[in-house]
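Below is one structure, written out as structure tokens; the observations come after it.
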Amino acid sequence: MTETASAQSSQQYSMVLKPLLDIPKVRHVVVASSDGIVKVASADLHKDRADGVAAMSSAALSAVRAATNDAVQDDPQKPVDNPIETITTTTALGTLMIMPAGDNAFLVVVGERDMPMGLVAGTAARQARRLGEKLMSIPARDTGGKPS
């Protein structure tokens, strides 16, 4: 990817962050690929911490989906596609919400314990949908070969 294309891609992802970061008591937002690689993170979240959040959130999505599927599938021999819609955890230090964004990405919103969850969830759902649409409209990487 060229430097200009990379900058445009980063700007598109950043536009997903802004509405979430404008919500009171939201601290950080991370957009990551489904394999846990950071695409973009809020500016005040150190890169190492963003990498950790992305990797652990990817693992959490996989683990929760597997546990849920194991617990609720009527017939394990005939599994039903059961994608995660959202995972929310609250601890003494704050709240973390993970939401898939298309087939190959997710976003993570981190905030205070008392951040307005209805507003966060609604905004995150809109931004995840926009992100998923953007990812689906990005053309495949040019590998230098002839198109098939």
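Letters A, B, ... mark the chains of the structure tokens in the order given; residue numbers begin at 1 per chain; ligand numbers begin at 1, in order shown.
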Query raised in the report: If you run DSSP on this backbone, which residues of chain A come out as alpha helix (DSSP H), and could you give them as number ranges by chain?
Result: A: 3-21, 47-72, 117-137
Query raised in the report: Running DSSP on the backbone, which parts of stretch 43-119 of chain A land in strand (DSSP E or B), as a PyMOL selection string?
Result: chain A and resi 87-91+94-100+105-111
Kindly assemble as JSON lines a list of the stretch 87-118 of chain A residues that lie within 8 Å of stretch 25-48 of chain A, each paired with its nearest atom pair and their distance in Å to one decimal, using only C-alpha atoms, sorted first by chain and then by ascending residue number.
```
{"residue": "A:Asp103", "atom": "CA", "partner": "A:Ser34", "partner_atom": "CA", "distance": 7.8}
{"residue": "A:Asn104", "atom": "CA", "partner": "A:Ser34", "partner_atom": "CA", "distance": 4.8}
{"residue": "A:Ala105", "atom": "CA", "partner": "A:Ser33", "partner_atom": "CA", "distance": 4.1}
{"residue": "A:Phe106", "atom": "CA", "partner": "A:Ala32", "partner_atom": "CA", "distance": 5.6}
{"residue": "A:Leu107", "atom": "CA", "partner": "A:Val31", "partner_atom": "CA", "distance": 4.4}
{"residue": "A:Val108", "atom": "CA", "partner": "A:Val30", "partner_atom": "CA", "distance": 5.1}
{"residue": "A:Val109", "atom": "CA", "partner": "A:Val29", "partner_atom": "CA", "distance": 4.6}
{"residue": "A:Val110", "atom": "CA", "partner": "A:His28", "partner_atom": "CA", "distance": 5.1}
{"residue": "A:Gly111", "atom": "CA", "partner": "A:Val26", "partner_atom": "CA", "distance": 4.1}
{"residue": "A:Glu112", "atom": "CA", "partner": "A:Lys25", "partner_atom": "CA", "distance": 5.4}
{"residue": "A:Asp114", "atom": "CA", "partner": "A:Lys25", "partner_atom": "CA", "distance": 7.4}
{"residue": "A:Met115", "atom": "CA", "partner": "A:Lys25", "partner_atom": "CA", "distance": 5.0}
{"residue": "A:Pro116", "atom": "CA", "partner": "A:Lys25", "partner_atom": "CA", "distance": 7.8}
```
Could those selected residues go to a file with N, CA and C atoms, as a PDB file, in the first residue's frame?
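Here's the written file result.pdb:
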```
ATOM      1  N   ASP A 103     -16.945  -8.686   8.588  1.00  0.00           N
ATOM      2  CA  ASP A 103     -16.455 -10.050   8.736  1.00  0.00           C
ATOM      3  C   ASP A 103     -15.049 -10.133   9.302  1.00  0.00           C
ATOM      4  N   ASN A 104     -14.256  -9.093   9.116  1.00  0.00           N
ATOM      5  CA  ASN A 104     -12.838  -9.221   9.441  1.00  0.00           C
ATOM      6  C   ASN A 104     -12.303  -8.150  10.369  1.00  0.00           C
ATOM      7  N   ALA A 105     -13.168  -7.518  11.138  1.00  0.00           N
ATOM      8  CA  ALA A 105     -12.701  -6.461  12.036  1.00  0.00           C
ATOM      9  C   ALA A 105     -13.627  -6.361  13.243  1.00  0.00           C
ATOM     10  N   PHE A 106     -13.166  -5.640  14.238  1.00  0.00           N
ATOM     11  CA  PHE A 106     -13.983  -5.345  15.400  1.00  0.00           C
ATOM     12  C   PHE A 106     -13.508  -4.036  16.000  1.00  0.00           C
ATOM     13  N   LEU A 107     -14.364  -3.460  16.846  1.00  0.00           N
ATOM     14  CA  LEU A 107     -13.937  -2.278  17.561  1.00  0.00           C
ATOM     15  C   LEU A 107     -14.092  -2.518  19.050  1.00  0.00           C
ATOM     16  N   VAL A 108     -13.250  -1.823  19.801  1.00  0.00           N
ATOM     17  CA  VAL A 108     -13.244  -1.926  21.257  1.00  0.00           C
ATOM     18  C   VAL A 108     -13.419  -0.514  21.800  1.00  0.00           C
ATOM     19  N   VAL A 109     -14.363  -0.350  22.695  1.00  0.00           N
ATOM     20  CA  VAL A 109     -14.590   0.937  23.353  1.00  0.00           C
ATOM     21  C   VAL A 109     -14.304   0.729  24.836  1.00  0.00           C
ATOM     22  N   VAL A 110     -13.449   1.579  25.390  1.00  0.00           N
ATOM     23  CA  VAL A 110     -13.064   1.494  26.797  1.00  0.00           C
ATOM     24  C   VAL A 110     -13.434   2.803  27.476  1.00  0.00           C
ATOM     25  N   GLY A 111     -14.064   2.716  28.629  1.00  0.00           N
ATOM     26  CA  GLY A 111     -14.447   3.945  29.322  1.00  0.00           C
ATOM     27  C   GLY A 111     -14.638   3.740  30.810  1.00  0.00           C
ATOM     28  N   GLU A 112     -15.143   4.780  31.422  1.00  0.00           N
ATOM     29  CA  GLU A 112     -15.451   4.756  32.852  1.00  0.00           C
ATOM     30  C   GLU A 112     -16.580   3.761  33.106  1.00  0.00           C
ATOM     31  N   ASP A 114     -19.278   4.260  34.544  1.00  0.00           N
ATOM     32  CA  ASP A 114     -20.585   4.878  34.361  1.00  0.00           C
ATOM     33  C   ASP A 114     -20.728   5.616  33.031  1.00  0.00           C
ATOM     34  N   MET A 115     -19.928   5.187  32.007  1.00  0.00           N
ATOM     35  CA  MET A 115     -20.141   5.811  30.698  1.00  0.00           C
ATOM     36  C   MET A 115     -21.555   5.452  30.238  1.00  0.00           C
ATOM     37  N   PRO A 116     -22.201   6.309  29.447  1.00  0.00           N
ATOM     38  CA  PRO A 116     -23.592   6.061  29.043  1.00  0.00           C
ATOM     39  C   PRO A 116     -23.688   4.902  28.045  1.00  0.00           C
TER      40      PRO A 116
END
```
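Picture a line from atom CA of A:Ala71 to atom CA of A:Thr91; it runs 24.5 Å.
As for atom CA of A:Ala60 and atom CA of A:Thr95, they are spaced 14.7 Å apart.
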Requested in this report: Tell me, as a list of chain:residue names, which residues lie within 12 Å of A:Ala63, counting only C-alpha atoms; anything in the same chain fewer than 6 positions away does not count.
Outcome: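 Using only C-alpha atoms, the neighbours found are A:Met56, A:Ser57, A:Asn69, A:Asp70, A:Pro83, A:Ile84, A:Ile87.
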Any chance you could export the current selection's all heavy atoms as an mmCIF file, in the first residue's frame?
```cif
data_model
loop_
_atom_site.group_PDB
_atom_site.id
_atom_site.type_symbol
_atom_site.label_atom_id
_atom_site.label_comp_id
_atom_site.auth_asym_id
_atom_site.auth_seq_id
_atom_site.Cartn_x
_atom_site.Cartn_y
_atom_site.Cartn_z
ATOM 1 N N MET A 56 -5.916 -9.335 22.872
ATOM 2 C CA MET A 56 -6.739 -9.979 23.902
ATOM 3 C C MET A 56 -8.224 -9.922 23.556
ATOM 4 O O MET A 56 -8.967 -10.869 23.836
ATOM 5 C CB MET A 56 -6.464 -9.345 25.262
ATOM 6 C CG MET A 56 -5.078 -9.709 25.792
ATOM 7 S SD MET A 56 -4.725 -8.984 27.390
ATOM 8 C CE MET A 56 -4.075 -7.398 26.902
ATOM 9 N N SER A 57 -8.657 -8.839 22.916
ATOM 10 C CA SER A 57 -10.061 -8.731 22.517
ATOM 11 C C SER A 57 -10.397 -9.739 21.426
ATOM 12 O O SER A 57 -11.476 -10.326 21.418
ATOM 13 C CB SER A 57 -10.374 -7.312 22.045
ATOM 14 O OG SER A 57 -10.220 -6.407 23.118
ATOM 15 N N ASN A 69 -21.569 -20.945 21.708
ATOM 16 C CA ASN A 69 -22.025 -21.962 20.755
ATOM 17 C C ASN A 69 -22.111 -23.329 21.414
ATOM 18 O O ASN A 69 -23.060 -24.073 21.193
ATOM 19 C CB ASN A 69 -21.107 -22.013 19.539
ATOM 20 C CG ASN A 69 -21.343 -20.853 18.594
ATOM 21 O OD1 ASN A 69 -22.340 -20.158 18.684
ATOM 22 N ND2 ASN A 69 -20.401 -20.639 17.704
ATOM 23 N N ASP A 70 -21.135 -23.667 22.243
ATOM 24 C CA ASP A 70 -21.139 -24.958 22.919
ATOM 25 C C ASP A 70 -22.323 -25.071 23.873
ATOM 26 O O ASP A 70 -22.931 -26.133 23.994
ATOM 27 C CB ASP A 70 -19.825 -25.152 23.678
ATOM 28 C CG ASP A 70 -19.592 -26.591 24.050
ATOM 29 O OD1 ASP A 70 -19.853 -27.487 23.217
ATOM 30 O OD2 ASP A 70 -19.156 -26.830 25.197
ATOM 31 N N PRO A 83 -22.968 -15.589 15.315
ATOM 32 C CA PRO A 83 -21.956 -14.552 15.525
ATOM 33 C C PRO A 83 -22.216 -13.729 16.787
ATOM 34 O O PRO A 83 -23.365 -13.548 17.192
ATOM 35 C CB PRO A 83 -22.070 -13.683 14.275
ATOM 36 C CG PRO A 83 -23.440 -13.916 13.762
ATOM 37 C CD PRO A 83 -23.806 -15.317 14.157
ATOM 38 N N ILE A 84 -21.152 -13.272 17.393
ATOM 39 C CA ILE A 84 -21.228 -12.402 18.565
ATOM 40 C C ILE A 84 -21.742 -11.036 18.116
ATOM 41 O O ILE A 84 -21.294 -10.497 17.110
ATOM 42 C CB ILE A 84 -19.832 -12.248 19.212
ATOM 43 C CG1 ILE A 84 -19.317 -13.583 19.752
ATOM 44 C CG2 ILE A 84 -19.830 -11.171 20.287
ATOM 45 C CD1 ILE A 84 -20.067 -14.107 20.934
ATOM 46 N N ILE A 87 -19.783 -7.889 23.307
ATOM 47 C CA ILE A 87 -19.310 -8.391 24.595
ATOM 48 C C ILE A 87 -19.027 -7.155 25.436
ATOM 49 O O ILE A 87 -18.317 -6.253 24.997
ATOM 50 C CB ILE A 87 -18.007 -9.209 24.465
ATOM 51 C CG1 ILE A 87 -18.211 -10.434 23.583
ATOM 52 C CG2 ILE A 87 -17.473 -9.604 25.845
ATOM 53 C CD1 ILE A 87 -16.919 -11.156 23.241
#
```
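Note that the spacing between atom CA of A:Leu20 and atom CA of A:Arg129 amounts to 13.5 Å.
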Query - From A:Asn82, A:Ser14, A:Gln73, A:Ser62, residue lying nearest A:Ile98 [only C-alpha atoms] - result: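 Looking at the shortest contact to A:Ile98, the residue is A:Ser62.
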